[in-house]
>>> print(open('run.txt').read())   # compact mmCIF, C-alpha atoms and all ligand atoms
# COMPACT_ATOMS: atom_id res chain seq x y z
CA MET A 102 35.75 -6.05 22.26
CA TRP A 103 36.44 -2.37 22.04
CA LEU A 104 34.57 -0.35 19.43
CA PHE A 105 37.39 2.18 19.20
CA ALA A 106 41.14 1.92 18.85
CA ILE A 107 43.80 4.54 19.40
CA ASP A 108 47.26 4.63 17.88
CA ASN A 109 49.73 4.75 20.79
CA THR A 110 52.07 7.19 19.16
CA THR A 111 49.93 9.32 16.81
CA GLY A 112 46.80 9.41 18.99
CA LEU A 113 44.62 8.69 15.95
CA ILE A 114 41.26 7.23 17.06
CA THR A 115 39.67 4.75 14.67
CA ILE A 116 36.60 2.55 14.83
CA ARG A 117 37.09 -1.19 14.84
CA GLU A 118 33.57 -2.17 13.80
CA PRO A 119 30.50 -0.37 12.41
CA LEU A 120 28.67 1.87 14.84
CA ASP A 121 24.93 1.59 15.39
CA ARG A 122 23.15 4.75 16.46
CA GLU A 123 20.07 2.73 17.42
CA GLU A 124 22.15 0.79 19.94
CA SER A 125 24.23 3.69 21.26
CA PRO A 126 23.87 7.23 19.91
CA VAL A 127 26.77 8.71 21.97
CA HIS A 128 30.15 7.30 23.01
CA LYS A 129 32.35 9.00 25.61
CA LEU A 130 35.99 7.96 25.43
CA THR A 131 38.62 8.80 27.96
CA VAL A 132 42.06 9.23 26.41
CA LEU A 133 45.18 9.18 28.53
CA ALA A 134 48.46 10.79 27.47
CA SER A 135 51.61 9.80 29.25
CA ASP A 136 55.36 10.32 28.74
CA GLY A 137 56.05 7.35 30.93
CA SER A 138 57.17 9.31 33.99
CA SER A 139 54.62 11.85 35.23
CA THR A 140 50.93 11.28 35.99
CA PRO A 141 49.02 10.78 32.75
CA SER A 142 46.94 13.62 31.45
CA ARG A 143 43.38 12.78 30.55
CA ALA A 144 40.92 14.04 27.95
CA THR A 145 37.36 13.05 27.07
CA VAL A 146 36.37 12.49 23.49
CA THR A 147 32.63 12.48 22.76
CA VAL A 148 31.55 10.68 19.63
CA ASN A 149 28.01 11.47 18.42
CA VAL A 150 26.77 8.89 15.97
CA THR A 151 24.66 10.48 13.27
CA ASP A 152 21.66 8.56 11.99
CA ILE A 153 21.32 6.93 8.63
CA ASN A 154 18.09 5.35 7.42
CA ASP A 155 19.02 1.73 8.01
CA ASN A 156 15.82 0.44 9.64
CA VAL A 157 12.74 -0.61 7.72
CA PRO A 158 9.46 0.28 9.48
CA SER A 159 7.60 -2.59 11.12
CA ILE A 160 3.85 -3.23 11.00
CA ASP A 161 1.94 -4.89 13.82
CA THR A 162 -1.69 -5.88 13.19
CA ARG A 163 -4.08 -6.44 16.09
CA TYR A 164 -7.42 -7.65 14.89
CA ILE A 165 -10.58 -6.16 16.36
CA ILE A 166 -12.74 -8.56 14.32
CA ASN A 167 -11.15 -11.96 14.80
CA PRO A 168 -10.04 -13.53 11.52
CA VAL A 169 -10.90 -17.09 10.55
CA ASN A 170 -7.99 -18.83 8.80
CA GLY A 171 -6.34 -15.44 8.36
CA THR A 172 -9.39 -13.83 6.76
CA VAL A 173 -11.76 -11.33 8.34
CA LEU A 174 -15.40 -12.07 7.59
CA LEU A 175 -17.45 -8.89 7.31
CA SER A 176 -21.19 -8.57 6.61
CA GLU A 177 -22.15 -6.51 3.60
CA LYS A 178 -24.49 -4.71 6.01
CA ALA A 179 -21.55 -3.56 8.20
CA PRO A 180 -22.17 0.06 9.23
CA LEU A 181 -19.77 2.86 8.31
CA ASN A 182 -16.66 3.12 10.52
CA THR A 183 -16.77 -0.57 11.47
CA LYS A 184 -13.39 -1.17 13.12
CA ILE A 185 -11.45 -4.10 11.76
CA ALA A 186 -7.89 -3.86 13.06
CA LEU A 187 -5.47 -1.65 14.95
CA ILE A 188 -2.23 -1.15 13.03
CA THR A 189 0.91 -0.09 14.92
CA VAL A 190 3.95 1.01 12.95
CA MET A 191 7.48 1.38 14.39
CA ASP A 192 10.82 2.58 13.10
CA LYS A 193 13.96 2.72 15.24
CA ASP A 194 15.66 5.50 13.26
CA ALA A 195 15.67 9.16 14.30
CA ASP A 196 13.69 12.13 13.01
CA LEU A 197 12.52 11.82 9.40
CA ASN A 198 14.26 8.45 9.03
CA GLY A 199 11.91 7.16 11.71
CA LYS A 200 8.79 9.11 10.82
CA VAL A 201 6.31 6.63 9.36
CA THR A 202 3.20 7.15 7.30
CA CYS A 203 0.76 4.33 6.70
CA PHE A 204 -1.54 3.88 3.71
CA THR A 205 -3.22 1.28 1.50
CA ASP A 206 -1.63 0.72 -1.89
CA HIS A 207 -4.86 1.08 -3.87
CA ASP A 208 -8.36 2.45 -3.41
CA VAL A 209 -10.45 0.25 -1.13
CA PRO A 210 -13.65 0.97 0.81
CA PHE A 211 -11.56 0.97 4.00
CA ARG A 212 -9.48 3.72 5.57
CA LEU A 213 -6.59 3.96 7.99
CA LYS A 214 -7.64 6.49 10.60
CA PRO A 215 -4.74 7.85 12.67
CA VAL A 216 -5.36 7.41 16.41
CA PHE A 217 -1.94 8.08 17.90
CA ASP A 218 1.37 9.06 16.36
CA ASN A 219 2.12 5.54 15.22
CA GLN A 220 -1.29 3.85 15.37
CA PHE A 221 -4.03 3.58 12.80
CA LEU A 222 -7.50 2.06 12.89
CA LEU A 223 -8.52 0.16 9.81
CA GLU A 224 -12.24 0.80 9.38
CA THR A 225 -14.93 0.75 6.71
CA ALA A 226 -15.11 4.04 4.82
CA THR A 227 -18.13 3.28 2.60
CA PHE A 228 -20.94 0.75 2.52
CA LEU A 229 -20.02 -2.67 1.24
CA ASP A 230 -21.85 -4.72 -1.37
CA TYR A 231 -21.29 -8.45 -1.66
CA GLU A 232 -22.92 -8.41 -5.09
CA ALA A 233 -20.28 -5.95 -6.33
CA THR A 234 -17.09 -7.20 -4.59
CA ARG A 235 -16.81 -10.37 -2.55
CA GLU A 236 -13.33 -10.00 -1.10
CA TYR A 237 -10.50 -7.58 -0.62
CA ALA A 238 -6.79 -8.14 -0.28
CA ILE A 239 -5.64 -4.95 1.37
CA LYS A 240 -1.96 -4.14 1.15
CA ILE A 241 -1.00 -1.87 4.02
CA VAL A 242 2.21 0.02 3.39
CA ALA A 243 4.29 1.71 6.09
CA SER A 244 6.87 4.11 4.70
CA ASP A 245 9.40 6.24 6.58
CA SER A 246 10.39 9.73 5.45
CA GLY A 247 14.09 9.06 4.90
CA LYS A 248 15.92 9.77 1.67
CA PRO A 249 15.35 7.38 0.09
CA PRO A 250 12.40 6.14 2.14
CA LEU A 251 12.24 2.51 3.27
CA ASN A 252 8.95 0.71 3.37
CA GLN A 253 7.30 -2.42 4.65
CA SER A 254 3.98 -3.91 3.70
CA ALA A 255 1.44 -6.29 5.25
CA MET A 256 -1.55 -8.01 3.65
CA LEU A 257 -4.97 -8.11 5.23
CA LEU A 258 -7.72 -10.26 3.75
CA ILE A 259 -11.38 -9.40 4.10
CA LYS A 260 -14.22 -11.56 2.80
CA ILE A 261 -17.65 -9.99 2.51
CA LYS A 262 -20.56 -12.06 3.80
CA ASP A 263 -23.74 -12.15 1.74
CA GLU A 264 -26.94 -10.81 3.28
CA ASN A 265 -30.44 -11.12 1.87
CA ASP A 266 -30.60 -7.55 0.60
CA ASN A 267 -31.99 -8.18 -2.89
CA ALA A 268 -35.59 -9.09 -3.61
CA PRO A 269 -36.27 -11.44 -6.50
CA VAL A 270 -37.22 -9.77 -9.75
CA PHE A 271 -39.49 -11.39 -12.32
CA THR A 272 -37.78 -11.77 -15.67
CA GLN A 273 -41.10 -10.61 -17.22
CA PRO A 274 -43.29 -8.34 -15.09
CA ILE A 275 -46.40 -9.08 -17.18
CA ILE A 276 -46.89 -12.42 -18.85
CA GLY A 277 -49.61 -12.88 -21.48
CA LEU A 278 -50.54 -16.40 -22.55
CA SER A 279 -52.82 -17.73 -25.20
CA ILE A 280 -53.82 -21.29 -24.53
CA PRO A 281 -55.98 -23.44 -26.79
CA GLU A 282 -59.12 -24.63 -25.03
CA ASN A 283 -59.66 -28.30 -24.36
CA ASN A 284 -56.14 -28.52 -23.09
CA ALA A 285 -54.90 -31.71 -21.49
CA PRO A 286 -55.06 -31.14 -17.72
CA GLY A 287 -51.68 -30.85 -16.09
CA THR A 288 -49.71 -29.77 -19.14
CA GLN A 289 -47.27 -26.98 -18.60
CA LEU A 290 -48.72 -23.62 -19.60
CA THR A 291 -45.63 -21.59 -18.82
CA LYS A 292 -42.71 -21.43 -16.47
CA ILE A 293 -42.63 -18.34 -14.30
CA SER A 294 -39.12 -17.24 -13.52
CA ALA A 295 -37.53 -14.64 -11.33
CA THR A 296 -33.91 -13.89 -10.52
CA ASP A 297 -32.32 -12.87 -7.24
CA ALA A 298 -28.95 -11.10 -7.13
CA ASP A 299 -28.04 -12.69 -3.77
CA SER A 300 -26.28 -16.03 -3.33
CA GLY A 301 -27.11 -19.41 -1.84
CA ARG A 302 -30.10 -19.45 0.49
CA ASN A 303 -30.51 -15.71 0.09
CA ALA A 304 -31.31 -16.26 -3.58
CA GLU A 305 -33.89 -19.02 -3.11
CA ILE A 306 -37.23 -18.13 -4.65
CA SER A 307 -40.64 -19.66 -4.13
CA TYR A 308 -43.57 -18.89 -6.36
CA ILE A 309 -47.08 -18.48 -5.04
CA LEU A 310 -50.33 -17.75 -6.86
CA GLY A 311 -52.14 -14.61 -5.83
CA SER A 312 -55.39 -14.92 -3.89
CA ASP A 313 -57.19 -13.72 -7.03
CA ALA A 314 -56.08 -16.80 -9.00
CA PRO A 315 -58.92 -19.16 -9.85
CA PRO A 316 -58.50 -22.68 -8.43
CA ILE A 317 -58.23 -24.07 -11.96
CA PHE A 318 -54.55 -23.06 -11.99
CA ASN A 319 -51.71 -24.61 -10.10
CA LEU A 320 -48.25 -23.17 -9.66
CA ASP A 321 -45.29 -25.25 -8.54
CA ARG A 322 -43.79 -23.39 -5.62
CA ARG A 323 -40.24 -24.37 -6.45
CA THR A 324 -40.06 -24.64 -10.26
CA GLY A 325 -42.53 -21.88 -11.19
CA ILE A 326 -44.32 -24.21 -13.63
CA LEU A 327 -47.91 -23.12 -14.18
CA THR A 328 -50.46 -25.78 -15.08
CA ALA A 329 -54.24 -25.92 -15.46
CA VAL A 330 -55.70 -28.73 -13.41
CA ARG A 331 -58.83 -28.98 -15.57
CA LYS A 332 -59.75 -28.38 -19.17
CA LEU A 333 -60.30 -24.73 -20.01
CA ASP A 334 -63.51 -23.90 -21.84
CA ARG A 335 -63.52 -20.70 -23.83
CA GLU A 336 -67.31 -20.65 -23.95
CA LYS A 337 -67.44 -20.55 -20.15
CA GLN A 338 -64.60 -18.11 -19.58
CA ASP A 339 -62.18 -16.70 -22.14
CA ARG A 340 -59.88 -14.64 -19.96
CA TYR A 341 -58.15 -15.09 -16.63
CA SER A 342 -56.01 -12.49 -14.97
CA PHE A 343 -54.29 -13.02 -11.67
CA ALA A 344 -51.17 -12.27 -9.77
CA VAL A 345 -48.16 -14.44 -9.04
CA TRP A 346 -46.11 -13.70 -5.96
CA GLN A 347 -42.63 -14.16 -4.76
CA TYR A 348 -41.35 -11.29 -2.67
CA GLY A 349 -42.73 -8.74 -5.11
CA THR A 350 -45.85 -9.15 -7.24
CA SER A 351 -46.56 -9.49 -10.88
CA CYS A 352 -49.57 -10.02 -13.08
CA ILE A 353 -50.22 -12.89 -15.37
CA THR A 354 -53.00 -13.04 -17.89
CA ALA A 355 -54.13 -16.39 -19.17
CA VAL A 356 -56.30 -16.37 -22.24
CA PRO A 357 -57.65 -19.81 -22.96
CA SER A 358 -58.39 -19.35 -26.62
CA ALA A 359 -56.80 -20.34 -29.87
CA ALA A 360 -58.60 -17.53 -31.61
CA LEU A 361 -56.98 -14.71 -29.63
CA CA B 1 13.77 4.06 8.93
CA CA B 2 19.54 4.44 11.84
CA CA B 3 -26.64 -9.82 -0.89
CA CA B 4 -32.55 -12.30 -1.95
>>> encode(input="run.txt", output="structure tokens")
Amino acid sequence: MWLFAIDNTTGLITIREPLDREESPVHKLTVLASDGSSTPSRATVTVNVTDINDNVPSIDTRYIINPVNGTVLLSEKAPLNTKIALITVMDKDADLNGKVTCFTDHDVPFRLKPVFDNQFLLETATFLDYEATREYAIKIVASDSGKPPLNQSAMLLIKIKDENDNAPVFTQPIIGLSIPENNAPGTQLTKISATDADSGRNAEISYILGSDAPPIFNLDRRTGILTAVRKLDREKQDRYSFAVWQYGTSCITAVPSAAL
């Protein structure tokens, strides 16, 4: 199938189907002219196909951190400039129509660092915090510089992995209790509680009495429930002060007296 046609009598050259510069930017045609008797005369017609912006850029993602089910798992302790993926953009058009820039569509703690003309490294630009944001859907946009520009986008999913980077915090740093003497042994005096901003195992708290705690008190390691194992006698001792531990410390004061 010829791309070009020529009118036998007028010599008018026409195209028979759309040209594609990306397939063939130049066509050289040989035209023969003959009056039917003498040797034909020949001429060469060169057709330069000018570019239009008819190709959308492409995005190729090569993961540096292997994704699991399409999602990259990244520790919240990942150092700055942790490399996640190499992004290659392509555009078959010429000049500005094929000049591609690559960016993320909104502010994320990741950047696209140019490495070669058409390659970008997706890397962490700030420190991550699982407690602040647990996952990111990053839309990578590749846009050419044509008028109007054409663009393509690709999604990249990153899930942040929790690390044990938060210590438990007591809900009350100092707890004061007044307890009537002659208490029934084993009744709950108070429930110590602390919170931990982490998740799952990283947020598990155990409670421990300080070494200064008299043996009369018992603290449930898991629930934080404080009990007295024997009767308290105000006449023997009217004030106890001791520390309760988890990761940090706190003071608790037990005053076994109804009068105080
Ligand atoms: Ca283009
Ligand atoms: Ca083109
Ligand atoms: Ca954490
Ligand atoms: Ca923790």
>>> residues_around(input="run.txt", residues="Phe105 of chain A", least_positions_apart="4", cutoff="9 Å", atoms="only C-alpha atoms", output="number ranges by chain")
A: 114-118, 130
>>> closest_residue(input="run.txt", among="A:Ile280, A:Ile275, A:Leu229, A:Leu258", to="ligand CA 3 (chain B)", atoms="only C-alpha atoms and all ligand atoms")
A:Leu229
>>> residues_near_ligand(input="run.txt", ligand="ligand CA 4 (chain B)", cutoff="10 Å", atoms="only C-alpha atoms and all ligand atoms", output="short mmCIF file (atom, residue, chain, number, x, y, z; two decimals) with C-alpha atoms, in the coordinates of the input")
data_model
loop_
_atom_site.label_atom_id
_atom_site.label_comp_id
_atom_site.auth_asym_id
_atom_site.auth_seq_id
_atom_site.Cartn_x
_atom_site.Cartn_y
_atom_site.Cartn_z
CA ASP A 263 -23.74 -12.15 1.74
CA GLU A 264 -26.94 -10.81 3.28
CA ASN A 265 -30.44 -11.12 1.87
CA ASP A 266 -30.60 -7.55 0.60
CA ASN A 267 -31.99 -8.18 -2.89
CA ALA A 268 -35.59 -9.09 -3.61
CA PRO A 269 -36.27 -11.44 -6.50
CA VAL A 270 -37.22 -9.77 -9.75
CA THR A 296 -33.91 -13.89 -10.52
CA ASP A 297 -32.32 -12.87 -7.24
CA ALA A 298 -28.95 -11.10 -7.13
CA ASP A 299 -28.04 -12.69 -3.77
CA SER A 300 -26.28 -16.03 -3.33
CA GLY A 301 -27.11 -19.41 -1.84
CA ARG A 302 -30.10 -19.45 0.49
CA ASN A 303 -30.51 -15.71 0.09
CA ALA A 304 -31.31 -16.26 -3.58
CA GLU A 305 -33.89 -19.02 -3.11
CA ILE A 306 -37.23 -18.13 -4.65
CA TYR A 348 -41.35 -11.29 -2.67
#
>>> atom_distance(input="run.txt", atom1="atom CA of Asn170 of chain A", atom2="atom CA of Leu213 of chain A")
22.8 Å
>>> closest_atom_pairs(input="run.txt", of="chain A", to="ligand CA 2 (chain B)", cutoff="6 Å", atoms="all atoms listed in the file", output="Markdown table")
| residue | atom | partner | partner_atom | distance |
| --- | --- | --- | --- | --- |
| A:Arg122 | CA | B:CA2 | CA | 5.9 |
| A:Glu123 | CA | B:CA2 | CA | 5.9 |
| A:Asp152 | CA | B:CA2 | CA | 4.6 |
| A:Ile153 | CA | B:CA2 | CA | 4.4 |
| A:Asn154 | CA | B:CA2 | CA | 4.7 |
| A:Asp155 | CA | B:CA2 | CA | 4.7 |
| A:Asn156 | CA | B:CA2 | CA | 5.9 |
| A:Asp194 | CA | B:CA2 | CA | 4.3 |
>>> write_last_selection(input="run.txt", atoms="C-alpha atoms", output="short mmCIF file (atom, residue, chain, number, x, y, z; two decimals), in the frame of the given file")
data_model
loop_
_atom_site.label_atom_id
_atom_site.label_comp_id
_atom_site.auth_asym_id
_atom_site.auth_seq_id
_atom_site.Cartn_x
_atom_site.Cartn_y
_atom_site.Cartn_z
CA ARG A 122 23.15 4.75 16.46
CA GLU A 123 20.07 2.73 17.42
CA ASP A 152 21.66 8.56 11.99
CA ILE A 153 21.32 6.93 8.63
CA ASN A 154 18.09 5.35 7.42
CA ASP A 155 19.02 1.73 8.01
CA ASN A 156 15.82 0.44 9.64
CA ASP A 194 15.66 5.50 13.26
#
>>> atom_distance(input="run.txt", atom1="atom CA of Gly247 of chain A", atom2="atom CA of Gly199 of chain A")
7.4 Å
>>> closest_residue(input="run.txt", among="A:Arg323, A:Lys248, A:Lys240, A:Arg340", to="Pro281 of chain A", atoms="only C-alpha atoms")
A:Arg340
>>> atom_distance(input="run.txt", atom1="atom CA of Ile185 of chain A", atom2="atom CA of Ser244 of chain A")
21.3 Å
>>> residues_near_point(input="run.txt", point="(-1.9, 11.2, 13.6)", cutoff="12 Å", atoms="all atoms listed in the file", output="VMD selection string")
chain A and resid 189 to 190 200 to 203 213 to 222
>>> axis_aligned_box(input="run.txt", around="segment 239-248 of chain A", padding_each_side="5 Å", output="lines of an AutoDock Vina configuration file")
center_x = 5.1
center_y = 2.4
center_z = 3.9
size_x = 31.6
size_y = 24.7
size_z = 15.4
>>> closest_residue(input="run.txt", among="A:Ser139, A:Pro250, A:Ile166, A:Arg212", to="ligand CA 1 (chain B)", atoms="all atoms listed in the file")
A:Pro250
>>> closest_residue(input="run.txt", among="A:Leu197, A:Leu113, A:Met191, A:Ala226", to="Pro158 of chain A", atoms="all atoms listed in the file")
A:Met191
>>> residues_around(input="run.txt", residues="Tyr237 of chain A", least_positions_apart="5", cutoff="8 Å", atoms="all atoms listed in the file", output="list in words")
Val209, Leu258, Ile259 and Lys260 of chain A
>>> write_last_selection(input="run.txt", atoms="C-alpha atoms", output="PDB file, keeping the file's coordinate frame")
ATOM      1  CA  VAL A 209     -10.450   0.250  -1.130  1.00  0.00           C
ATOM      2  CA  LEU A 258      -7.720 -10.260   3.750  1.00  0.00           C
ATOM      3  CA  ILE A 259     -11.380  -9.400   4.100  1.00  0.00           C
ATOM      4  CA  LYS A 260     -14.220 -11.560   2.800  1.00  0.00           C
TER       5      LYS A 260
END
>>> closest_residue(input="run.txt", among="A:Ala233, A:Thr147, A:Asn284, A:Pro315", to="ligand CA 3 (chain B)", atoms="all atoms listed in the file")
A:Ala233
>>> residues_around(input="run.txt", residues="Val330 of chain A", least_positions_apart="6", cutoff="6 Å", atoms="only C-alpha atoms", output="list in words")
Pro286, Gly287, Ile317 and Phe318 of chain A
